[in-house]
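Peer 1: Dropping in entry_20.tsv, which is TSV, C-alpha atoms and all ligand atoms:
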```
chain	number	residue	atom	x	y	z
H	1	MET	CA	1.41	-1.89	-7.98
H	2	LYS	CA	4.43	-0.39	-9.61
H	3	PRO	CA	7.82	-2.15	-9.41
H	4	GLU	CA	8.99	0.61	-7.04
H	5	PHE	CA	6.55	-0.70	-4.43
H	6	TYR	CA	8.08	-4.18	-4.45
H	7	LYS	CA	11.60	-2.76	-4.57
H	8	GLU	CA	10.88	-0.60	-1.52
H	9	ASN	CA	9.53	-3.66	0.30
H	10	ARG	CA	12.74	-5.58	-0.45
H	11	ASP	CA	14.85	-2.61	0.67
H	12	ASN	CA	12.92	-2.42	3.95
H	13	PHE	CA	13.23	-6.15	4.44
H	14	ALA	CA	16.96	-6.30	3.65
H	15	ALA	CA	17.58	-3.38	6.04
H	16	ARG	CA	16.40	-5.65	8.85
H	17	LEU	CA	18.69	-8.58	7.99
H	18	LYS	CA	21.99	-9.27	9.71
H	19	PRO	CA	24.97	-8.61	7.42
H	20	GLY	CA	26.09	-11.85	5.82
H	21	ALA	CA	22.62	-13.41	6.05
H	22	LEU	CA	20.70	-14.99	3.22
H	23	ALA	CA	16.90	-14.98	2.87
H	24	LEU	CA	14.79	-17.28	0.71
H	25	PHE	CA	11.14	-16.85	-0.26
H	26	PHE	CA	9.14	-19.40	-2.24
H	27	SER	CA	6.05	-18.55	-4.29
H	28	GLY	CA	4.56	-21.98	-3.61
H	29	GLU	CA	3.94	-25.24	-5.39
H	30	ILE	CA	0.86	-26.58	-7.10
H	31	GLN	CA	-1.09	-29.02	-4.89
H	32	ARG	CA	-2.66	-32.05	-6.49
H	33	LYS	CA	-6.39	-32.48	-5.88
H	34	SER	CA	-7.12	-35.84	-7.53
H	35	SER	CA	-6.05	-37.78	-10.60
H	36	ASP	CA	-4.47	-35.16	-12.86
H	37	ASP	CA	-6.54	-32.34	-11.34
H	38	ASP	CA	-4.92	-29.70	-9.12
H	39	TYR	CA	-6.21	-27.24	-6.53
H	40	PRO	CA	-6.29	-23.66	-7.76
H	41	TRP	CA	-2.82	-22.29	-7.15
H	42	TYR	CA	-2.36	-19.33	-4.84
H	43	ALA	CA	0.92	-17.46	-4.42
H	44	SER	CA	2.48	-16.92	-1.00
H	45	ARG	CA	1.37	-13.46	0.09
H	46	ASN	CA	4.81	-12.53	1.41
H	47	PHE	CA	6.36	-13.58	-1.90
H	48	VAL	CA	3.93	-11.36	-3.80
H	49	TYR	CA	4.50	-8.49	-1.35
H	50	LEU	CA	8.23	-8.64	-2.14
H	51	THR	CA	8.13	-9.37	-5.88
H	52	GLY	CA	4.69	-8.84	-7.43
H	53	ILE	CA	5.23	-12.18	-9.13
H	54	GLU	CA	2.50	-14.80	-9.16
H	55	GLN	CA	3.96	-17.90	-10.74
H	56	HIS	CA	4.42	-21.22	-8.98
H	57	ASP	CA	7.83	-22.68	-8.19
H	58	SER	CA	9.54	-19.30	-8.13
H	59	VAL	CA	12.17	-18.30	-5.57
H	60	LEU	CA	13.45	-14.97	-4.32
H	61	MET	CA	16.97	-15.01	-2.91
H	62	VAL	CA	18.24	-11.99	-0.99
H	63	TYR	CA	21.85	-11.91	0.17
H	64	LYS	CA	22.92	-9.12	2.47
H	65	TYR	CA	26.64	-8.55	1.99
H	66	PRO	CA	28.82	-9.10	5.07
H	67	GLU	CA	30.62	-5.82	4.39
H	68	GLN	CA	28.19	-2.91	4.61
H	69	PRO	CA	28.90	0.69	3.67
H	70	GLU	CA	28.27	3.20	6.46
H	71	ASN	CA	24.46	3.55	6.95
H	72	GLY	CA	24.19	1.17	4.02
H	73	ASN	CA	21.91	-1.64	3.09
H	74	ALA	CA	23.81	-3.41	0.34
H	75	TYR	CA	22.38	-6.68	-0.85
H	76	ALA	CA	22.12	-8.90	-3.90
H	77	GLU	CA	18.80	-10.25	-5.13
H	78	THR	CA	17.97	-12.98	-7.59
H	79	LEU	CA	14.57	-14.10	-8.80
H	80	TYR	CA	14.35	-17.70	-9.97
H	81	ILE	CA	11.50	-18.51	-12.34
H	82	LEU	CA	10.50	-21.54	-14.36
H	83	PRO	CA	12.23	-21.84	-17.74
H	84	LYS	CA	10.36	-21.78	-21.02
H	85	ASP	CA	8.86	-25.20	-21.77
H	86	PHE	CA	7.08	-25.60	-25.07
H	87	MET	CA	5.04	-28.68	-24.12
H	88	ALA	CA	4.09	-27.52	-20.63
H	89	GLU	CA	3.05	-24.14	-21.99
H	90	ARG	CA	0.93	-25.74	-24.71
H	91	TRP	CA	-1.23	-27.34	-21.99
H	92	THR	CA	-1.26	-24.87	-19.13
H	93	GLY	CA	-0.39	-21.48	-20.55
H	94	VAL	CA	2.55	-19.25	-21.17
H	95	ARG	CA	5.16	-18.89	-18.44
H	96	LEU	CA	6.48	-15.52	-17.39
H	97	SER	CA	9.36	-14.31	-19.47
H	98	PRO	CA	12.47	-13.11	-17.62
H	99	GLU	CA	11.89	-9.67	-19.20
H	100	TYR	CA	8.34	-9.43	-17.85
H	101	ALA	CA	9.29	-10.77	-14.41
H	102	SER	CA	12.10	-8.25	-14.21
H	103	GLU	CA	9.88	-5.37	-15.29
H	104	ARG	CA	7.14	-6.27	-12.82
H	105	SER	CA	9.37	-6.92	-9.80
H	106	GLY	CA	12.17	-4.46	-10.45
H	107	ILE	CA	14.67	-7.30	-9.95
H	108	LYS	CA	17.48	-7.21	-12.49
H	109	ASP	CA	19.04	-10.59	-11.80
H	110	LEU	CA	16.75	-13.32	-13.18
H	111	ALA	CA	17.63	-17.00	-13.23
H	112	ASN	CA	16.14	-20.35	-14.03
H	113	THR	CA	14.66	-22.35	-11.08
H	114	ASP	CA	16.62	-25.38	-12.28
H	115	CYS	CA	19.78	-23.55	-11.17
H	116	PHE	CA	18.49	-22.56	-7.74
H	117	MET	CA	19.86	-25.44	-5.62
H	118	GLN	CA	23.21	-25.34	-7.35
H	119	ASP	CA	23.49	-21.57	-6.81
H	120	LEU	CA	22.42	-21.91	-3.19
H	121	THR	CA	25.00	-24.58	-2.46
H	122	ALA	CA	27.73	-22.56	-4.15
H	123	LEU	CA	26.82	-19.43	-2.21
H	124	ILE	CA	26.71	-21.22	1.16
H	125	THR	CA	30.09	-22.79	0.53
H	126	LYS	CA	31.85	-19.81	-1.01
H	127	GLU	CA	30.48	-17.03	1.20
H	128	HIS	CA	30.39	-18.97	4.48
H	129	ILE	CA	26.75	-18.06	5.10
H	130	ASN	CA	25.93	-18.42	8.79
H	131	THR	CA	22.23	-17.45	8.84
H	132	ILE	CA	19.43	-18.25	6.42
H	133	TYR	CA	16.02	-16.65	6.81
H	134	LEU	CA	13.01	-18.71	5.76
H	135	ASP	CA	9.36	-17.64	5.75
H	136	ILE	CA	8.10	-20.23	8.24
H	137	ASP	CA	4.46	-19.85	9.21
H	138	HIS	CA	3.39	-22.02	12.11
H	139	LYS	CA	-0.09	-20.57	12.50
H	140	ILE	CA	-1.69	-22.85	15.06
H	141	GLY	CA	-3.94	-25.48	13.55
H	142	ARG	CA	-3.26	-24.28	10.01
H	143	ARG	CA	-0.04	-25.85	8.99
H	144	THR	CA	0.49	-27.54	5.67
H	145	PRO	CA	4.21	-28.10	5.15
H	146	VAL	CA	5.44	-25.92	2.32
H	147	MET	CA	8.74	-25.39	0.55
H	148	ALA	CA	10.16	-23.30	3.42
H	149	ASP	CA	9.60	-26.24	5.80
H	150	HIS	CA	11.29	-28.71	3.45
H	151	MET	CA	14.19	-26.30	2.97
H	152	ASN	CA	14.47	-25.94	6.75
H	153	GLU	CA	14.81	-29.73	7.12
H	154	MET	CA	17.25	-29.97	4.24
H	155	LEU	CA	19.49	-27.18	5.53
H	156	ASN	CA	19.47	-28.65	9.04
H	157	ALA	CA	20.52	-32.02	7.67
H	158	GLY	CA	23.08	-30.74	5.15
H	159	TRP	CA	24.55	-27.74	6.95
H	160	PRO	CA	23.87	-28.13	10.68
H	161	GLY	CA	26.12	-25.16	11.42
H	162	ILE	CA	23.85	-22.70	9.67
H	163	GLU	CA	21.37	-20.87	11.87
H	164	ILE	CA	17.82	-20.83	10.50
H	165	ALA	CA	15.97	-17.60	11.26
H	166	ASN	CA	12.34	-16.80	10.57
H	167	SER	CA	11.53	-13.87	8.31
H	168	LEU	CA	7.78	-14.05	9.04
H	169	PRO	CA	7.85	-11.66	12.05
H	170	ILE	CA	9.63	-9.05	9.89
H	171	LEU	CA	7.03	-9.37	7.12
H	172	MET	CA	4.15	-9.31	9.62
H	173	ASP	CA	5.47	-6.05	10.99
H	174	MET	CA	6.08	-4.53	7.55
H	175	ARG	CA	2.64	-5.42	6.23
H	176	LEU	CA	0.84	-3.81	9.19
H	177	ILE	CA	1.05	-0.25	7.85
H	178	LYS	CA	-0.41	0.25	4.39
H	179	ARG	CA	1.10	2.80	2.03
H	180	PRO	CA	-0.97	5.05	-0.28
H	181	CYS	CA	-0.77	2.68	-3.27
H	182	GLU	CA	-2.08	-0.16	-1.11
H	183	ILE	CA	-4.97	2.00	0.10
H	184	GLU	CA	-5.75	2.92	-3.52
H	185	ALA	CA	-5.98	-0.75	-4.45
H	186	MET	CA	-8.27	-1.37	-1.48
H	187	GLU	CA	-10.49	1.54	-2.50
H	188	ILE	CA	-11.00	-0.01	-5.93
H	189	ALA	CA	-11.69	-3.36	-4.25
H	190	GLU	CA	-14.32	-1.64	-2.08
H	191	ASP	CA	-16.01	-0.22	-5.18
H	192	VAL	CA	-16.11	-3.64	-6.83
H	193	THR	CA	-17.44	-5.14	-3.57
H	194	LYS	CA	-20.15	-2.48	-3.57
H	195	ASP	CA	-21.25	-3.59	-7.05
H	196	GLY	CA	-21.40	-7.19	-5.79
H	197	ILE	CA	-23.45	-6.43	-2.68
H	198	LEU	CA	-25.82	-4.13	-4.59
H	199	ALA	CA	-26.36	-6.86	-7.21
H	200	MET	CA	-27.37	-9.26	-4.42
H	201	MET	CA	-29.67	-6.73	-2.77
H	202	LYS	CA	-31.37	-5.74	-6.03
H	203	ASN	CA	-31.97	-9.32	-7.11
H	204	CYS	CA	-33.00	-10.68	-3.73
H	205	ARG	CA	-36.45	-12.34	-3.66
H	206	PRO	CA	-38.01	-14.62	-1.06
H	207	GLY	CA	-38.02	-18.20	-2.34
H	208	MET	CA	-34.65	-18.10	-4.03
H	209	TYR	CA	-31.63	-20.13	-2.96
H	210	GLU	CA	-28.57	-18.68	-1.28
H	211	TYR	CA	-26.44	-19.91	-4.21
H	212	GLN	CA	-28.47	-17.71	-6.53
H	213	LEU	CA	-27.50	-14.68	-4.48
H	214	LYS	CA	-23.91	-15.86	-4.59
H	215	SER	CA	-24.11	-16.07	-8.39
H	216	TRP	CA	-25.19	-12.40	-8.51
H	217	PHE	CA	-22.19	-11.41	-6.38
H	218	ASP	CA	-19.80	-13.39	-8.59
H	219	TRP	CA	-21.45	-11.98	-11.74
H	220	ALA	CA	-21.05	-8.38	-10.57
H	221	LEU	CA	-17.37	-8.94	-9.74
H	222	ALA	CA	-16.74	-10.58	-13.09
H	223	GLN	CA	-18.21	-7.51	-14.85
H	224	ARG	CA	-15.29	-5.60	-13.31
H	225	GLY	CA	-12.71	-8.19	-14.31
H	226	VAL	CA	-12.54	-9.74	-10.85
H	227	LEU	CA	-12.89	-13.44	-11.54
H	228	ALA	CA	-12.79	-14.72	-7.98
H	229	PRO	CA	-13.69	-13.08	-4.67
H	230	GLY	CA	-10.93	-12.16	-2.23
H	231	PHE	CA	-11.99	-15.04	0.03
H	232	ASP	CA	-14.79	-17.59	0.14
H	233	SER	CA	-18.02	-15.60	0.27
H	234	ILE	CA	-20.29	-16.07	3.26
H	235	ILE	CA	-23.87	-15.74	2.03
H	236	SER	CA	-26.68	-17.08	4.17
H	237	ALA	CA	-30.27	-16.50	5.21
H	238	GLY	CA	-32.41	-17.09	8.27
H	239	LYS	CA	-31.10	-19.72	10.69
H	240	ASN	CA	-28.00	-20.27	8.54
H	241	ASN	CA	-26.81	-16.85	9.72
H	242	PHE	CA	-25.95	-18.56	13.01
H	243	THR	CA	-23.06	-20.33	11.27
H	244	ILE	CA	-20.49	-17.55	11.36
H	245	HIS	CA	-18.44	-18.97	8.48
H	246	TYR	CA	-21.21	-20.48	6.35
H	247	TYR	CA	-20.22	-21.82	2.91
H	248	ASP	CA	-23.07	-24.17	2.03
H	249	TYR	CA	-25.29	-21.86	-0.07
H	250	HIS	CA	-28.07	-24.45	-0.44
H	251	GLY	CA	-30.55	-22.83	1.94
H	252	ILE	CA	-33.76	-21.16	0.80
H	253	VAL	CA	-34.19	-17.45	1.42
H	254	ASN	CA	-37.59	-17.26	3.14
H	255	ASP	CA	-39.93	-14.31	3.41
H	256	GLY	CA	-39.13	-12.65	6.74
H	257	ASP	CA	-35.50	-13.85	6.77
H	258	ILE	CA	-32.49	-11.65	7.12
H	259	VAL	CA	-30.02	-12.27	4.33
H	260	LEU	CA	-26.45	-11.96	5.54
H	261	ASN	CA	-23.29	-11.65	3.57
H	262	ASP	CA	-19.65	-11.34	4.54
H	263	VAL	CA	-17.78	-10.82	1.31
H	264	GLY	CA	-14.99	-8.94	-0.42
H	265	ALA	CA	-13.43	-8.44	-3.80
H	266	ARG	CA	-9.69	-8.50	-4.43
H	267	TRP	CA	-7.94	-5.83	-6.50
H	268	ASP	CA	-4.23	-6.01	-7.27
H	269	ASN	CA	-3.89	-8.49	-4.39
H	270	TYR	CA	-5.66	-6.30	-1.81
H	271	VAL	CA	-8.96	-7.43	-0.39
H	272	THR	CA	-11.90	-5.94	1.44
H	273	ASP	CA	-14.09	-7.59	4.03
H	274	VAL	CA	-17.62	-6.23	4.25
H	275	SER	CA	-20.78	-7.56	5.88
H	276	ARG	CA	-24.29	-6.35	5.29
H	277	GLY	CA	-27.58	-7.86	6.41
H	278	TRP	CA	-30.94	-7.02	4.86
H	279	PRO	CA	-34.48	-8.37	4.98
H	280	ALA	CA	-35.24	-10.78	2.12
H	281	ASN	CA	-38.57	-9.03	1.50
H	282	GLY	CA	-37.09	-5.53	1.67
H	283	ARG	CA	-38.77	-4.45	4.93
H	284	PHE	CA	-37.13	-4.74	8.37
H	285	ASN	CA	-39.48	-6.08	11.06
H	286	ASP	CA	-39.31	-4.75	14.62
H	287	HIS	CA	-36.75	-7.25	15.97
H	288	GLN	CA	-34.58	-6.83	12.90
H	289	LYS	CA	-34.76	-3.03	13.14
H	290	ARG	CA	-33.63	-3.07	16.74
H	291	ILE	CA	-30.67	-5.36	16.08
H	292	PHE	CA	-29.65	-3.41	12.99
H	293	GLU	CA	-29.83	-0.11	14.91
H	294	ALA	CA	-27.68	-1.44	17.75
H	295	GLN	CA	-25.07	-2.50	15.19
H	296	ARG	CA	-25.20	0.72	13.20
H	297	ARG	CA	-24.99	2.95	16.27
H	298	THR	CA	-22.01	0.96	17.56
H	299	SER	CA	-20.29	1.07	14.19
H	300	ASP	CA	-20.91	4.83	13.82
H	301	TYR	CA	-19.60	5.38	17.34
H	302	MET	CA	-16.42	3.41	16.57
H	303	PHE	CA	-15.81	5.45	13.41
H	304	SER	CA	-16.31	8.63	15.46
H	305	ILE	CA	-13.62	7.76	18.02
H	306	LEU	CA	-11.00	5.78	16.11
H	307	LYS	CA	-7.74	7.65	15.58
H	308	PRO	CA	-4.03	7.01	16.06
H	309	GLY	CA	-2.81	6.01	19.51
H	310	ILE	CA	-5.53	3.63	20.74
H	311	PRO	CA	-4.37	0.18	21.94
H	312	MET	CA	-5.62	-2.39	19.41
H	313	SER	CA	-6.97	-4.50	22.27
H	314	ASP	CA	-9.19	-1.58	23.35
H	315	VAL	CA	-10.87	-1.35	19.93
H	316	ASP	CA	-12.61	-4.68	20.39
H	317	ARG	CA	-13.43	-4.03	24.03
H	318	ILE	CA	-14.95	-0.58	23.37
H	319	ALA	CA	-17.08	-1.98	20.52
H	320	HIS	CA	-18.43	-4.77	22.75
H	321	GLU	CA	-19.17	-2.43	25.66
H	322	TYR	CA	-20.86	0.20	23.52
H	323	CYS	CA	-22.89	-2.39	21.61
H	324	PHE	CA	-24.06	-3.96	24.88
H	325	GLU	CA	-25.38	-0.56	26.03
H	326	GLN	CA	-27.28	-0.20	22.74
H	327	MET	CA	-28.71	-3.70	23.04
H	328	VAL	CA	-29.99	-2.96	26.55
H	329	ASP	CA	-31.44	0.40	25.41
H	330	LEU	CA	-33.20	-1.18	22.46
H	331	GLY	CA	-34.61	-4.04	24.53
H	332	ILE	CA	-32.57	-6.70	22.74
H	333	CYS	CA	-31.14	-8.07	25.98
H	334	ARG	CA	-31.17	-7.39	29.70
H	335	ARG	CA	-28.38	-5.72	31.61
H	336	ASP	CA	-27.87	-8.79	33.81
H	337	GLU	CA	-27.16	-10.99	30.80
H	338	ASP	CA	-23.72	-11.83	29.43
H	339	VAL	CA	-22.84	-9.95	26.24
H	340	ALA	CA	-21.06	-13.10	24.97
H	341	LYS	CA	-24.48	-14.75	24.61
H	342	TYR	CA	-25.20	-12.33	21.73
H	343	MET	CA	-21.80	-11.22	20.45
H	344	TRP	CA	-19.93	-14.30	19.29
H	345	HIS	CA	-16.82	-12.85	17.73
H	346	GLY	CA	-14.27	-10.08	17.96
H	347	GLY	CA	-14.62	-7.17	15.65
H	348	ALA	CA	-11.28	-5.69	14.75
H	349	HIS	CA	-9.07	-7.89	12.58
H	350	HIS	CA	-6.68	-6.31	10.09
H	351	VAL	CA	-7.31	-6.66	6.39
H	352	GLY	CA	-4.91	-6.27	3.47
H	353	MET	CA	-3.36	-8.94	1.29
H	354	ASP	CA	-5.13	-11.51	3.47
H	355	VAL	CA	-8.69	-11.11	4.65
H	356	HIS	CA	-7.45	-11.87	8.16
H	357	ASP	CA	-4.24	-10.09	7.41
H	358	ARG	CA	-1.06	-11.87	8.43
H	359	VAL	CA	0.27	-8.92	10.38
H	360	ASP	CA	1.42	-8.39	13.93
H	361	ALA	CA	-0.76	-5.85	15.75
H	362	ALA	CA	-0.61	-7.46	19.19
H	363	GLY	CA	0.19	-4.94	21.89
H	364	LYS	CA	0.39	-2.12	19.35
H	365	LEU	CA	-1.39	1.21	19.14
H	366	THR	CA	-3.55	2.18	16.18
H	367	ALA	CA	-1.44	4.14	13.69
H	368	PRO	CA	-1.95	5.90	10.34
H	369	GLY	CA	-2.02	3.37	7.51
H	370	MET	CA	-3.56	0.54	9.52
H	371	VAL	CA	-6.69	-0.97	8.00
H	372	PHE	CA	-8.91	-3.17	10.12
H	373	CYS	CA	-12.51	-4.27	10.19
H	374	VAL	CA	-15.09	-2.76	12.47
H	375	ASP	CA	-17.27	-5.84	12.64
H	376	ILE	CA	-20.35	-5.73	14.85
H	377	GLY	CA	-22.27	-9.02	15.00
H	378	ILE	CA	-25.36	-9.76	17.07
H	379	TYR	CA	-26.82	-13.27	17.16
H	380	HIS	CA	-30.21	-13.52	18.89
H	381	GLU	CA	-31.21	-17.18	18.83
H	382	GLU	CA	-34.52	-16.68	20.67
H	383	TRP	CA	-35.66	-14.20	18.03
H	384	GLY	CA	-34.10	-16.27	15.25
H	385	GLU	CA	-32.16	-13.23	14.06
H	386	GLY	CA	-28.43	-13.10	13.48
H	387	PHE	CA	-26.54	-10.59	11.42
H	388	ARG	CA	-23.59	-8.28	11.38
H	389	LEU	CA	-22.42	-4.97	10.04
H	390	GLU	CA	-18.79	-4.97	9.00
H	391	ASP	CA	-16.81	-2.10	7.51
H	392	ASN	CA	-13.16	-1.42	6.76
H	393	CYS	CA	-11.51	1.30	8.83
H	394	LEU	CA	-8.41	3.15	7.64
H	395	ILE	CA	-6.60	5.00	10.43
H	396	THR	CA	-5.53	8.44	9.16
H	397	GLU	CA	-3.29	11.16	10.63
H	398	ASN	CA	-6.12	12.71	12.63
H	399	GLY	CA	-8.85	10.11	12.81
H	400	CYS	CA	-10.12	7.43	10.52
H	401	ARG	CA	-12.03	6.81	7.32
H	402	ASN	CA	-14.62	4.17	6.54
H	403	LEU	CA	-13.45	2.70	3.23
H	404	SER	CA	-16.75	0.83	2.76
H	405	ALA	CA	-19.05	3.73	3.69
H	406	ALA	CA	-20.57	3.85	0.20
H	407	ILE	CA	-22.13	0.40	0.58
H	408	PRO	CA	-25.68	0.94	1.97
H	409	ARG	CA	-25.48	0.79	5.77
H	410	THR	CA	-28.66	2.32	7.16
H	411	ILE	CA	-32.21	0.92	7.34
H	412	GLU	CA	-33.44	3.73	5.07
H	413	ASP	CA	-30.75	3.21	2.41
H	414	ILE	CA	-31.30	-0.54	2.36
H	415	GLU	CA	-35.11	-0.35	2.23
H	416	ASP	CA	-34.82	2.25	-0.58
H	417	ILE	CA	-33.11	-0.32	-2.78
H	418	PHE	CA	-36.20	-2.56	-2.59
H	419	LYS	CA	-38.70	0.22	-3.44
H	501	MN	MN	-15.80	-10.43	7.24
```
Represent the structure of the file as structure tokens.
Ligand SMILES: [Mn+2]

Peer 2:
Amino acid sequence: MKPEFYKENRDNFAARLKPGALALFFSGEIQRKSSDDDYPWYASRNFVYLTGIEQHDSVLMVYKYPEQPENGNAYAETLYILPKDFMAERWTGVRLSPEYASERSGIKDLANTDCFMQDLTALITKEHINTIYLDIDHKIGRRTPVMADHMNEMLNAGWPGIEIANSLPILMDMRLIKRPCEIEAMEIAEDVTKDGILAMMKNCRPGMYEYQLKSWFDWALAQRGVLAPGFDSIISAGKNNFTIHYYDYHGIVNDGDIVLNDVGARWDNYVTDVSRGWPANGRFNDHQKRIFEAQRRTSDYMFSILKPGIPMSDVDRIAHEYCFEQMVDLGICRRDEDVAKYMWHGGAHHVGMDVHDRVDAAGKLTAPGMVFCVDIGIYHEEWGEGFRLEDNCLITENGCRNLSAAIPRTIEDIEDIFK
């Protein structure tokens, strides 16, 4: 992304702040794993969306001036980054220079993180700040306290008069609609994902382990300079396909099994989320053909009807209803059965900087620039067959586009690869 992208994001964000309010975003801290070993560090997505900067212990401070020009959006912004440290850099690599951080983010005012607390205190005192926005994410069941939470506690204790507001809903709304440069990054990510899935298909042989397939996916991504997938790859075979989020990889791929993957590459911080299932021996049997056809017909139908103006909640419902009709037609299940016995998950989550994108689509209509998965999964325990077909749908002005259409998605195309 160009610096203009991040600058535009900050402009849009600041436009939604109350005059006189301050907003703080933290890139995140390194988490210790054990001894002197740390978990791989991962930057806060909202921080990256606003700055393009991926370096731990960095802070973005946005101060919207109390006095605003007419129709104006005047604000100050400072990016705090770690100072140069000869010894630290000798061990763990070069830190971003202020020049580079400024060039990448478009932020002119750079400062040293050591000065952050002092600057914050001075600003609160001098400018009589009454509201501070923090990026507080209380996603149910997934809450590890981060810097924003500690800052919340500290501000409450030190300045009880200051109102703490949450900037997350603003970011979740902003990130819902993707702009052309974001779509471009996703298109490259789709192409890299295609390489990864094709490498798995081409090297798939009965008798191998799931982790060997995974190594082909990782290898293909690395050939394109993508050193880690966009999220933990789901690669399974046979009965393991009944674990929706399977990360074990130690199963054997048996002759007659369906191999299932649910994977995606990341490019410039945008990810894809694609699922394909194929027979380990290259030939679909009758049960597998029927399930695959029900999925493909449903997916094709969804791509034929999706366009702006459809309630997001309907997307999932229509997919389930249509798929159920196909399953009855193809003799996969009976009409008097419950579709939930075979379809275990919803099929329309948004994708972007996160694989389950942290956006707010609840109660909204589909609109140009939205990207979400069309994910059709059928799990038939009696037949021992479970797989899904998942593509990435971009809503356009008049309809939609399947961003992952080039990854083989018909029985013929998949069987051709094995010939
Ligand atoms: Mn997926």

Peer 1: Which residues sit within 6 Å of ligand MN 501 (chain H), counting all atoms listed in the file, listed as a list of chain:residue names?

Peer 2: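 With all atoms listed in the file and a cut-off of 6 Å, ligand MN 501 (chain H) is contacted by H:Asp262, H:Asp273, H:Val274, H:Ser275.
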
Peer 1: Would you save the residues of that selection, restricted to C-alpha atoms, as a short mmCIF file (atom, residue, chain, number, x, y, z; two decimals), in the coordinates of the input?

Peer 2:
```
data_model
loop_
_atom_site.label_atom_id
_atom_site.label_comp_id
_atom_site.auth_asym_id
_atom_site.auth_seq_id
_atom_site.Cartn_x
_atom_site.Cartn_y
_atom_site.Cartn_z
CA ASP H 262 -19.65 -11.34 4.54
CA ASP H 273 -14.09 -7.59 4.03
CA VAL H 274 -17.62 -6.23 4.25
CA SER H 275 -20.78 -7.56 5.88
#
```

Peer 1: Please measure the separation of atom CA of H:Ser167 and atom CA of H:Phe13, giving the value in Å to one decimal.

Peer 2: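 Atom CA of H:Ser167 sits 8.8 Å away from atom CA of H:Phe13.
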
Peer 1: Calculated over all atoms listed in the file, which of the candidates H:His349, H:Lys289, H:Lys84, H:Arg179 has the smallest distance to H:Met1?

Peer 2: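 The answer is H:Arg179, which sits nearest to H:Met1.
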
Peer 1: Tell me, as a VMD selection string, which residues lie within 12 Å of stretch 121-133 of chain H, counting all atoms listed in the file; anything in the same chain fewer than 5 positions away does not count.

Peer 2: chain H and resid 13 to 14 16 to 26 60 to 67 76 115 to 116 148 to 149 151 to 152 154 to 156 158 to 171

Peer 1: Looking at H:Ala220, H:Ala340, H:Ala367, H:Val59, which one is nearest to H:Lys202, with distances taken over all atoms listed in the file?

Peer 2: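 Looking at the shortest contact to H:Lys202, the residue is H:Ala220.
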
Peer 1: Using all atoms listed in the file, which of the listed residues (H:Ala237, H:Val226, H:Met174, H:Leu365) sits closest to H:Gly207?

Peer 2: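 Under the stated criterion, the closest residue is H:Ala237.
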
Peer 1: Taking all atoms listed in the file into account, name the residue in H:Gly309, H:Gly282, H:Glu293, H:Pro98 that is nearest to H:Asp329.

Peer 2: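 With all atoms listed in the file as the atom set, the closest residue is H:Glu293.
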
Peer 1: If I take atom CA of H:Arg205 and atom CA of H:Pro279, how far is one from the other in Å, to one decimal?

Peer 2: 9.7 Å

Peer 1: So the first atom is atom CA of H:Val259 and the second is atom CA of H:Tyr211; what is the distance between them in Å, to one decimal place?

Peer 2: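 Going from atom CA of H:Val259 over to atom CA of H:Tyr211 covers 12.0 Å.
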
Peer 1: Return the single residue from H:Gly352, H:Gly369, H:Gly238, H:Gly331 that is closest to H:Glu385, with distances computed using all atoms listed in the file.

Peer 2: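 Answer, going by the shortest atom-to-atom distance: H:Gly238.
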
Peer 1: Choose the residue, out of H:Asp173, H:Asp195, H:Glu412, H:Asp314, that has the smallest atom-to-atom separation from H:Asn9; count all atoms listed in the file.

Peer 2: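 Closest to H:Asn9 of all the choices is H:Asp173.
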
Peer 1: Residues within 8 Å of H:Thr366, please, as a ChimeraX atom specification. Count all atoms listed in the file; anything in the same chain fewer than 6 positions from it doesn't count.

Peer 2: /H:307-312,395

Peer 1: Within 10 Å of H:Met186, counting only C-alpha atoms, which residues qualify if same-chain residues fewer than 2 places away don't, as an MDAnalysis selection string?

Peer 2: chainID H and resid 178 180:184 188:192 265:272 351:353 371 392 403:404

Peer 1: Residues at most 8 Å from H:Phe47, counting only C-alpha atoms, excluding those fewer than 3 positions away in the same chain, as an NGL selection string?

Peer 2: :H and (25-27 or 43-44 or 50-53 or 60)

Peer 1: Considering all atoms listed in the file, return as a list in words whatever protein or nucleic-acid residues lie within 12 Å of H:Trp344, sequence-local ones (same chain, fewer than 6 positions apart) excluded.

Peer 2: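 Everything that qualifies: Phe242, Thr243, Ile244, His245, His320, Asp338, Asp375, Ile376, Gly377, Ile378, Tyr379, His380, Glu381, Gly386, Phe387 and Arg388 of chain H.
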
Peer 1: Would you give the centre and edge lengths, in Å to one decimal, of a box along x, y and z around the listed atoms of stretch 181-184 of chain H, with 8 Å added to each side, as JSON?

Peer 2:
```
{"center_x": -3.3, "center_y": 1.4, "center_z": -1.7, "size_x": 21.0, "size_y": 19.1, "size_z": 19.6}
```
